[in-house]
Structure formats: C-alpha cells, structure tokens
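Q: Before I ask anything, let me first share the structure, which is written out below as structure tokens.
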Amino acid sequence: MNFHHAQANTLFSPYELSLIKLKNRFVMSPMTRSRAVEGRVPNPLAADYYAQRAGAGLIITEATQVSPQGVGYVRTPGIHSQEQVEGWKKITSAVHKAGGKIFLQLWHVGRISHSDFHGGKPPVAPSAIAAEGQTWTEAGQKEYSKPRALEVSELPGIVEDFRRAAQNAKEAGFDGVEIHGANGYLLDQFTQDGTNKRTDNYGGSIANRLRFPLEVVDAVVSVWGADRVGYRLSPYFTGHSMSDSNPIATFSQLVDELNQRKLGYIHVVDSATASERITPLLRELFDGTYIVAEGFDLDSATDAIARDEADLVAFGKPFISNPDLPERYRNDKPLAEWDASTFYAAGPGGDAQGYTDYPNAA
C-alpha cells in the first residue's frame with residue numbers, strides 16, 4: 001500500500017503519475033459532449049475547450065471510439081482514422097502549450113447503441129440481451145437495439161482495435177490512455193454477470209468474465225507500457241441495465257489483476273455520498289495511483305485526499321462551467337452554474353455555446 005505522506009497533501013499538492021508531473025490533484029473527468037464533426041473528427045473548438053481547462057492536473061478526454069463498431073451515440077469522436085488522429089493532434093498540442101497533461105479515453109459501447117449506427121445490423125455484446133433506455137441517433141432518440149452475442153473468433157479483432165487505437169493515441173501526442181471499463185459499455189458488459197451469460201471461456205467464473213477486458217488491457221499496455229495506462233471501473237453503477245451478483249468479489253479480482261500488471265492508475269466511479277463505498281477495499285488492493293470520481297466537491301475531495309482514500313479526484317460537471325475550477329477553489333471564488341441543456345450539442349457539430357464560452361472567474 002502506498003502512503004504518499006497523506007497528512008501533508010491537499011488537492012493543490014503536486015503529484016507524480018508515472019513520471020508525469022501533475023501540478024495538482026484535480027482530474028477533469030471524461031465527459032461526452034457530442035460535438036464531433038464529419039468523419040467523427042473532434043470539433044476544432046475542442047482544442048480551446050480542453051486548453052481552457054489545462055489548470056487540471058490531468059485531463060481525461062471524452063470517451064472516444066476505437067472502431068466504427070464501438071459507436072453508440074451521435075457526434076462522438078473516434079481514434080481509428082488518420083483524419084481523427086490529425087484532429088486530436090491539435091488538441092494535445094493546445095493542452096500541452098497551456099501547461100496541461102491529457103490522456104485519451106478508449107471506448108467501445110457494445111450494446112449501448114442502435115442498429116442505425118451499424119448499417120441496420122445489431123450492435124455487439126457478450127450476450128444477446130438488450131439494455132433498457134435510449135440513445136441519440138441522427139434521427140433523434142431511439143431505444144437501444146437488441147445486440148447479438150459476439151463469436152469467440154471476433155474477440156481478437158476487437159482487442160486489435162483497442163491496440164491500434166492506443167497506437168493512434170500515441171501518434172496524436174497524448175500523455176497516456178484510459179481504458180473505459182465502466183458505465184455499462186463493452187468491457188463492463190463482459191465483466192458483470194448480469195450482462196455476461198456466456199458458457200464459453202469468456203463467461204461463467206469471474207476469471208472467465210475478466211478474460212476479454214484483460215486481453216484488451218494487455219494489448220494497450222503493449223503500446224504504452226503499463227504505467228501510462230489507466231482503467232475506469234464503476235462497481236455500483238446500475239444505469240444501462242447493469243448488475244452483478246457479487247460486485248465486491250468481481251471488482252476486487254479485476255483490481256487485483258490490474259495491480260499485478262502494474263497499471264498506472266485505476267479510476268473508480270464511487271459516489272462521494274453513497275452509504276456503501278468500495279474505495280477503501282480497492283485502495284488496499286491497488287498499489288498504483290487511485291482516482292476517485294462521482295459527485296465530489298471541494299470538501300469531500302479535500303477529505304478524500306487528507307484521509308489518503310485517493311491520490312487524485314475527478315470532477316465532471318463543475319469543470320464544464322468552470323474552466324478554471326482549481327483556481328476558483330484555491331481562491332474561494334463562487335462556482336458558475338452549468339447549463340444542462342448545452343451538455344450535448346443541439347445541431348450538427350455544435351458551437352461554442354455551453355462549451356467554450358464559460359469565462360474564468362474575474
């Protein structure tokens with residue numbers, strides 16, 4: 001267990017993440033903003049958007065598809081074409097110029113999708129079980145499509161998609177990558193037994209359910225080295241019709257495996273206000289950097305760092321409306337309210353409204 005001299009640390013203390021010097025303990029959470037342009041290239045405005053928030057110790061980008069098969073929402077960016085790589089280069093360059101550090105979040109939605117995105121064919125998942133809910137398509141909101149179960153023979157191709165996306169992220173100038181294993185997307189669908197009903201080597205026991213996610217981890221590590229790879233997990237997330245019969249056993253085993261691989265960090269969605277929190281357990285199992293997320297404010301985040309419950313704390317919505325969030329907290333300035341109606345773009349490509357037009361504190 002790493003104790004980083006906890007008593008002296010605050011949110012504003014510098015931190016070294018895998019030899020990357022972070023100026024503070026603030027992480028900007030990955031947040032889908034649905035503003036990608038033609039070809040799922042990141043919006044040119046995204047360079048300003050992320051650079052404005054480079055006061056965070058670490059920025060994690062919005063979730064980014066590793067392949068066309070990984071798409072589940074309208075106007076979300078990818079990292080599988082050269083044009084997308086060129087678009088991301090402008091963003092990493094702007095963030096680095098502004099003194100920030102940025103990781104790309106690698107994403108495959110699995111069943112959280114619609115057949116409209118896949119030429120009329122069903123999306124893919126470990127098992128042919130539909131999630132309840134709706135996604136945004138070009139034609140507006142539609143119910144998630146029932147997925148088809150992936151053949152074992154298809155899995156190496158998806159692992160390769162993650163590996164190639166990791167390689168593309170390197171070419172685009174990122175400081176590292178985060179694998180999206182949370183929130184009911186493909187890797188989470190394999191991990192949890194509510195969505196994984198397979199009877200082959202990729203289903204059943206916890207070890208079998210973790211097989212595919214860990215193959216993805218190993219492929220991404222082969223590109224970046226373990227220390228520049230993070231993994232996001234959400235043990236108690238029940239959205240997207242997710243469930244597991246024993247989340248403590250499942251996620252303890254996952255974190256143990258990630259720890260054995262010496263991964264740079266885990267990013268755990270574990271609500272600041274939940275009565276039952278898994279962080280104390282997972283923190284003990286993981287020797288690398290621990291990032292905690294979900295509903296933290298200055299007080300709860302300060303407390304998490306002071307008690308050495310986490311090394312870094314991720315903030316989502318407050319960063320949307322407060323590009324200078326760390327400075328506001330440091331100088332005790334009031335926070336600006338966010339406008340939820342502009343979280344996702346209204347029109348194709350979106351514009352600056354609710355994106356790059358939130359000012360810094362006076």
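Each chain in the structure tokens gets a letter, A, B, ..., in the order shown, and its residues are numbered from 1; ligands are numbered from 1 in order too.
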For region 185-190 of chain A, list every protein, DNA or RNA residue within 6 Å, evaluated using only C-alpha atoms, and leave out those in the same chain fewer than 5 positions away; present the list as a list in words.
A: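 The residues satisfying every condition are His108, Val109, Gly110, Pro126, Thr195, Asn196, Arg209 and Pro213 of chain A.
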Q: I need the residues from that last selection saved to file as a CSV table (one decimal), in the first residue's frame (with C-alpha atoms), if you can.
A:
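Written file, selection16.csv:
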```csv
chain,number,residue,atom,x,y,z
A,108,HIS,CA,-16.4,0.6,-27.2
A,109,VAL,CA,-20.0,0.9,-26.3
A,110,GLY,CA,-21.0,-2.7,-27.0
A,126,PRO,CA,-21.1,-10.7,-24.8
A,195,THR,CA,-24.9,-8.9,-18.9
A,196,ASN,CA,-22.5,-11.8,-19.5
A,209,ARG,CA,-15.6,-12.8,-17.4
A,213,PRO,CA,-11.2,-7.0,-20.6
```
Q: Can you tell me which residues surround Ala139 (chain A) at a distance of at most 12 Å, considering only C-alpha atoms, apart from same-chain residues fewer than 6 positions away, and format the answer as a CSV table (one decimal) with C-alpha atoms, in the first residue's frame?
A:
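Below you can see around00.csv, which holds the result:
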```csv
chain,number,residue,atom,x,y,z
A,73,TYR,CA,-24.1,8.0,-29.9
A,74,VAL,CA,-24.4,10.7,-32.4
A,114,HIS,CA,-28.5,1.4,-32.2
A,116,ASP,CA,-28.7,2.8,-37.3
A,117,PHE,CA,-25.0,3.2,-36.5
A,348,PRO,CA,-24.5,19.1,-36.2
```
Q: Of the residues A:Asn208, A:Asn43, A:Gln134, A:Gln141, which is the one nearest to Lys90 (chain A), using only C-alpha atoms?
A: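 Selected residue with least distance to Lys90 (chain A): A:Asn43.
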Q: Could you list, as a list in words, every residue within 7 Å of Phe174 (chain A), counting only C-alpha atoms and ignoring same-chain residues fewer than 4 positions away?
A: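 Contacts, in chain order: Thr92, Ile102, Phe103, Leu104, Ala169 and Lys170 of chain A.
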Q: Write to file, as a tab-separated table (two decimals), in the first residue's frame, the residues of the selection just made, with all heavy atoms.
A:
```tsv
chain	number	residue	atom	x	y	z
A	92	THR	N	-4.08	17.93	-28.32
A	92	THR	CA	-2.96	17.64	-27.39
A	92	THR	C	-1.94	18.78	-27.44
A	92	THR	O	-1.41	19.18	-26.40
A	92	THR	CB	-2.27	16.31	-27.73
A	92	THR	OG1	-1.76	16.35	-29.06
A	92	THR	CG2	-3.24	15.14	-27.58
A	102	ILE	N	-2.77	15.33	-20.72
A	102	ILE	CA	-4.04	14.80	-21.23
A	102	ILE	C	-3.91	13.34	-21.65
A	102	ILE	O	-2.98	12.97	-22.37
A	102	ILE	CB	-4.56	15.70	-22.38
A	102	ILE	CG1	-5.93	15.23	-22.89
A	102	ILE	CG2	-3.54	15.82	-23.53
A	102	ILE	CD1	-6.66	16.26	-23.77
A	103	PHE	N	-4.85	12.53	-21.16
A	103	PHE	CA	-4.98	11.12	-21.54
A	103	PHE	C	-6.24	10.97	-22.40
A	103	PHE	O	-7.23	11.66	-22.18
A	103	PHE	CB	-5.15	10.23	-20.29
A	103	PHE	CG	-3.86	9.81	-19.62
A	103	PHE	CD1	-2.82	10.71	-19.44
A	103	PHE	CD2	-3.71	8.51	-19.14
A	103	PHE	CE1	-1.63	10.31	-18.79
A	103	PHE	CE2	-2.54	8.10	-18.50
A	103	PHE	CZ	-1.50	9.00	-18.32
A	104	LEU	N	-6.19	10.05	-23.36
A	104	LEU	CA	-7.36	9.75	-24.18
A	104	LEU	C	-8.11	8.56	-23.59
A	104	LEU	O	-7.50	7.56	-23.24
A	104	LEU	CB	-6.94	9.40	-25.61
A	104	LEU	CG	-8.12	9.03	-26.52
A	104	LEU	CD1	-8.72	10.29	-27.15
A	104	LEU	CD2	-7.71	8.07	-27.61
A	169	ALA	N	-3.43	6.97	-30.50
A	169	ALA	CA	-3.39	7.98	-29.43
A	169	ALA	C	-1.95	8.43	-29.17
A	169	ALA	O	-1.69	9.61	-28.88
A	169	ALA	CB	-4.00	7.42	-28.15
A	170	LYS	N	-1.03	7.52	-29.28
A	170	LYS	CA	0.39	7.86	-29.12
A	170	LYS	C	0.81	8.80	-30.24
A	170	LYS	O	1.47	9.82	-30.00
A	170	LYS	CB	1.22	6.57	-29.14
A	170	LYS	CG	2.57	6.73	-28.50
A	170	LYS	CD	3.22	5.37	-28.29
A	170	LYS	CE	4.04	5.40	-27.01
A	170	LYS	NZ	4.78	4.16	-26.81
```
Q: Quick one: of A:Asp193, A:Glu327, A:Glu294, A:Asp357, who's nearest to Gly55 (chain A), counting only C-alpha atoms?
A: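 The closest residue to Gly55 (chain A) is A:Glu327.
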Q: Pull the helix (DSSP H, G or I) assignments for region 103-148 of chain A out of DSSP run on the backbone, and list those residues as a ChimeraX atom specification.
A: /A:115-118
Q: Which neighbours of Asn183 (chain A) fall inside 10 Å, counting only C-alpha atoms, when residues of the same chain fewer than 6 positions from it are skipped, and could you give them as a compact mmCIF listing (two decimals) with N, CA, C and O atoms, in the first residue's frame?
A:
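Below is the file that was written, result_21.txt:
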```txt
# COMPACT_ATOMS: atom_id res chain seq x y z
N VAL A 109 -18.77 0.87 -27.06
CA VAL A 109 -20.03 0.89 -26.30
C VAL A 109 -20.69 -0.47 -26.17
O VAL A 109 -21.56 -0.66 -25.32
N GLN A 189 -19.69 -4.92 -19.77
CA GLN A 189 -20.69 -5.94 -20.10
C GLN A 189 -20.09 -7.35 -19.99
O GLN A 189 -20.78 -8.29 -19.60
N ARG A 232 -10.87 2.63 -16.09
CA ARG A 232 -12.02 3.17 -15.36
C ARG A 232 -13.03 2.06 -15.08
O ARG A 232 -13.35 1.27 -15.98
N LEU A 233 -13.51 1.99 -13.85
CA LEU A 233 -14.48 0.97 -13.46
C LEU A 233 -15.56 1.58 -12.57
O LEU A 233 -15.32 2.59 -11.89
N SER A 234 -16.75 0.97 -12.60
CA SER A 234 -17.89 1.52 -11.85
C SER A 234 -18.66 0.38 -11.21
O SER A 234 -19.71 -0.04 -11.70
N PRO A 235 -18.16 -0.13 -10.08
CA PRO A 235 -18.74 -1.34 -9.47
C PRO A 235 -20.21 -1.24 -9.10
O PRO A 235 -20.92 -2.25 -9.16
N TYR A 236 -20.68 -0.04 -8.73
CA TYR A 236 -22.06 0.06 -8.27
C TYR A 236 -22.97 0.82 -9.23
O TYR A 236 -24.08 1.20 -8.89
N PHE A 237 -22.50 1.00 -10.46
CA PHE A 237 -23.30 1.71 -11.47
C PHE A 237 -24.43 0.80 -11.94
O PHE A 237 -24.20 -0.32 -12.38
N THR A 238 -25.68 1.29 -11.85
CA THR A 238 -26.83 0.46 -12.23
C THR A 238 -27.54 0.98 -13.48
O THR A 238 -28.53 0.41 -13.91
N GLY A 239 -27.01 2.08 -14.07
CA GLY A 239 -27.56 2.55 -15.33
C GLY A 239 -27.30 1.52 -16.42
O GLY A 239 -26.57 0.54 -16.21
N HIS A 240 -27.87 1.76 -17.60
CA HIS A 240 -27.66 0.85 -18.74
C HIS A 240 -27.97 -0.61 -18.39
O HIS A 240 -27.36 -1.53 -18.93
N SER A 241 -28.90 -0.80 -17.44
CA SER A 241 -29.34 -2.15 -17.03
C SER A 241 -28.20 -3.04 -16.55
O SER A 241 -28.18 -4.24 -16.82
N MET A 242 -27.24 -2.44 -15.83
CA MET A 242 -26.09 -3.22 -15.35
C MET A 242 -26.35 -3.83 -13.98
O MET A 242 -27.02 -3.22 -13.14
N VAL A 269 -15.47 4.96 -10.21
CA VAL A 269 -16.72 5.70 -10.01
C VAL A 269 -17.33 5.17 -8.71
O VAL A 269 -17.80 4.04 -8.64
```
Q: What's around Gly120 (chain A) at 12 Å? Count only C-alpha atoms, leave out sequence neighbours fewer than 5 positions away in its own chain, and write the answer as a ChimeraX atom specification.
A: /A:113-115,145-147
